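See structure below.
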Amino acid sequence: MGSPVSSSATTNIMLAIYEKKTTTIDIYRPLRNYIAFHYSEREAQNLEDDLETVKQLRSDLEKSSDSPPSRRDLLIKYFKVLCLMETRFPISPDKDHINSLQFTWYDAFKQKNKSSKVNIHLEKAAVLFNLGAVYSQIGLSFDRSTVEGRRQALHNFVGAVGAFAYLRDNAAVKAAAGGVATVDISVECAGMLERLMLAQAQECVFENTIAKGSTPGVCAKISRQVGVYYEEALAALSVPPLNQHFDKTWITHVQLKSALFYAEACYRYSLELHEKEEIAEEIARLKIGISSLTEVKKSAKSAPPQLLDAVNKLEGNLNRNLERAMKENDRVYLQRVPPASSLIALPAFSMVKPMPMSEVLDASKEKMFASLVPDSSAKALSRYTEMVDEIIRTQAEKLQQGSELARVRLKEMGLPDSILALEGNITLPEVLKEDVEAVQISGGPAGLEAELQQLRDLKRVNGELLVHTEEMLQKELQEDAQFRSQFGTRWTRPQSSTLTKNLQDRLNRFAANLKQAAESDAKIERSVRDHSALMSILDWHPIESAFPTLAKPIMSLDANEDAVVGALKQSLRQLEVLGAQRAGLEDMLKEMKRKDDILPKLMTSTGSYEDLFKKEISKYNHICEEIAQNIEAQEHLLIQIQAQNDQFSAVFNLEDYRASRDKCSKQIQAAIAKYREIKENINEGLKFYVTLQDAITNVKQQCSDFVMTRNLQCREMIDDVQRQISGLSFQDRSTSSQNYPPVGQSHQMPRPTLQQPTDPVNMAQHSRPQMRYYPPPSQQPSMPGYGPPYGSSQQPPINYHQAPIPAASQYQLHQPQQHPPSHEYGQPAYPGWRGPYYNMQQPGSFPRPPYNIPPQYPPPQQSGYYKPQ
């Protein structure tokens, strides 16, 4: 019986397989009697130790008190002994064989059912089943919260996979011979258990991958493969004979696990999509995962709480990420969410494979009963096997050559494509079709105008930002000149033009970049106009409709076109029938070889081995004859098809049709190439404008800080100049009163009215005590609304520091230190443009900052990278 077993290391649970039960039998006496009767009593005495070993192993097998590792070793050793017994003791109901040794085994899942047979293959099948069950129990006994625990669990689950696969391929069919065996050792059940153990082994790999912190893409592939294995196990549990044999908790567990890991794969894959900014597909994948969990929870109410908790936790993560992704898409990306049916299947990658049980269970080196079978019998069996393998290999090569010959000949004749074209079903090369679909999904040539409009909008916004920044500096320059003219030599602070040189140089470089980019944009638009006729073919839906059609000739002398086409179709159908027959013959050969076991006949044969071989090999003669007839019939049919196709080509003028078709294919290829070139240039343009916009915004903020600092200096200097003038007037009056006007009529300079800043941040700064030291613009705190939106790094500061000065030159500032040109904002336009479009290089190499790139096709005037000014 299987039951859910929980690991202490995880909230997730797995299934364990219970062993089959058997009855006590006396295996010693029948074997000894057979040796004494067919060989001699002395031989029986010589093999007494071997017989006692077999007896003890069978007795230990009937008990179940050993630890799982000891039980595993016992089962492996006993199975090897059974392999040795099979080649030396013919156990069957036949009167000349050992017919008193009856094995009885109960079903592991329905213990009321049992199977009793005089058949050693039943014993071997039961031992293999129990070996797989013990491996699964050992695997679940490890703590999977540790690396070593996961490794050991994985190793034992893989061992269980190997045992059940070996049972399915080598023992299940033979165990059912001579009567019905229990369902648990059937081919169907062994295959289901193999899939289940593969799923649990892959699940251990997934847990280890998560623990190591692997990338979401790797986790998604491994998780998806876990789900695939559980889905395969569920499919086997849902059809006879297993659908009525297992408890509902089994089906519920496997169904919930398959949905859980499918949703997990969607979740992990969506994380990778988010990193790539493929928000639309991310939303679609998250919705699919949520739908999968919601659907399975309806029928899994009786599932273990630990498993339901894992489902609920994953569902919560999916919903949170979906809400976040939808908000980002609505605010920034504006991408269309594709329907679930249009998405490709999630990639899966298997990291587990069955343990090679042929090596674990190899009994060739065992020495038990070695004296019973002469080497001649073993050599005879090996020679017969080689003869059968040669027949299988030769016939399989003939079948493969026949199929390949038919494929090549039809391709040379252009079939069945020409017939399909006549019926309107035009087929394209897969690569070309995928390229066209990719172009159409991305918007096609018709969508280029919207992207060109994006370029225009971004260019306009950059220009407005640049003009506004230059006007800000120009206004400050004019005010400084006005005060300098008003106060004369008393206005001692440095001129604005000497302080803004670096800023002005960068603005000039931005202007030059915009000019060069405008020329590149014009070339792109001209390229779109010049090649619109060429690319218009890509807007055909479906693209096959752009190809020329094959039709009946307008004028016909004998009107036999339908007869020609009908005869050719009939011959092609006959060729398909022959191909299907070849596939069936190959499967028949493999099945015959799998069931071909002449060892019991070799052990009981008293005549010549050659006669026995000749008789047994003759079983394959009728299949070899059918293969030869199939190949011969195909050759005659291909000659007939060649003649019919020549007639078909002449009637329908296939040469002209193929020439037109090739021309159309070349036009599509050229259109795709040109579209990709233009598309790449547009994308480079969008990247350029977004990066430049951030750079201009950064410089604009620096200019704003500079202007604010200069306004504060201006107010302080006006106060100082007025105090100087007042002090000078008082001194003159004390020396010569007739040269100065009376008190109250001093020549006080009128105090100009300064425009107070209206920005809240500026007002806050004006309210602070005035200082003699003013930090440069690069050290001013960033103001809300002006910070670079995409993480631009700070520019090298412009030196606005005031030095300690004497009274006579109190506001004489240091000359600004000339820094090397910034390597961040003088970027060339469109680095990816082919040709000189955006390749105007500034001095030095300017690495591009990691700005986010706008979505490829947002609607016009809705770009998320700029706001209308």
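Ordered as shown in the structure tokens, chains take letters A, B, and onward, while each chain numbers its residues from 1 and ligands are numbered from 1 in the order shown.
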Sel. of alpha helix (DSSP H) residues, segment 454-648 of chain A, as an MDAnalysis selection string:
chainID A and resid 454:487 496:499 501:530 532:535 561:595 599:604 609:617 621:648
Env of Val352 of chain A: 9 Å cut, atoms = only C-alpha atoms, seq-sep filter 2 positions within chain, self excluded. Answer as a list in words.
Leu154, Val158, Leu198, Ala201, Gln202, Val205, Ser350 and Pro354 of chain A
Considering only C-alpha atoms, state which residue in the set A:Leu131, A:Ile419, A:Ala517, A:Leu692 is at the smallest distance from Lys569 of chain A.
A:Ile419
Residues near Gly132 of chain A, anyone? I mean within 6 Å using only C-alpha atoms, not counting same-chain ones fewer than 2 positions away, as a ChimeraX atom specification.
/A:129-130,134-135,160,163-164
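Among the candidates A:Thr394, A:Leu455, A:Glu231, A:Ser223, the residue lying nearest to Cys266 of chain A is A:Ser223 (atoms considered: only C-alpha atoms).
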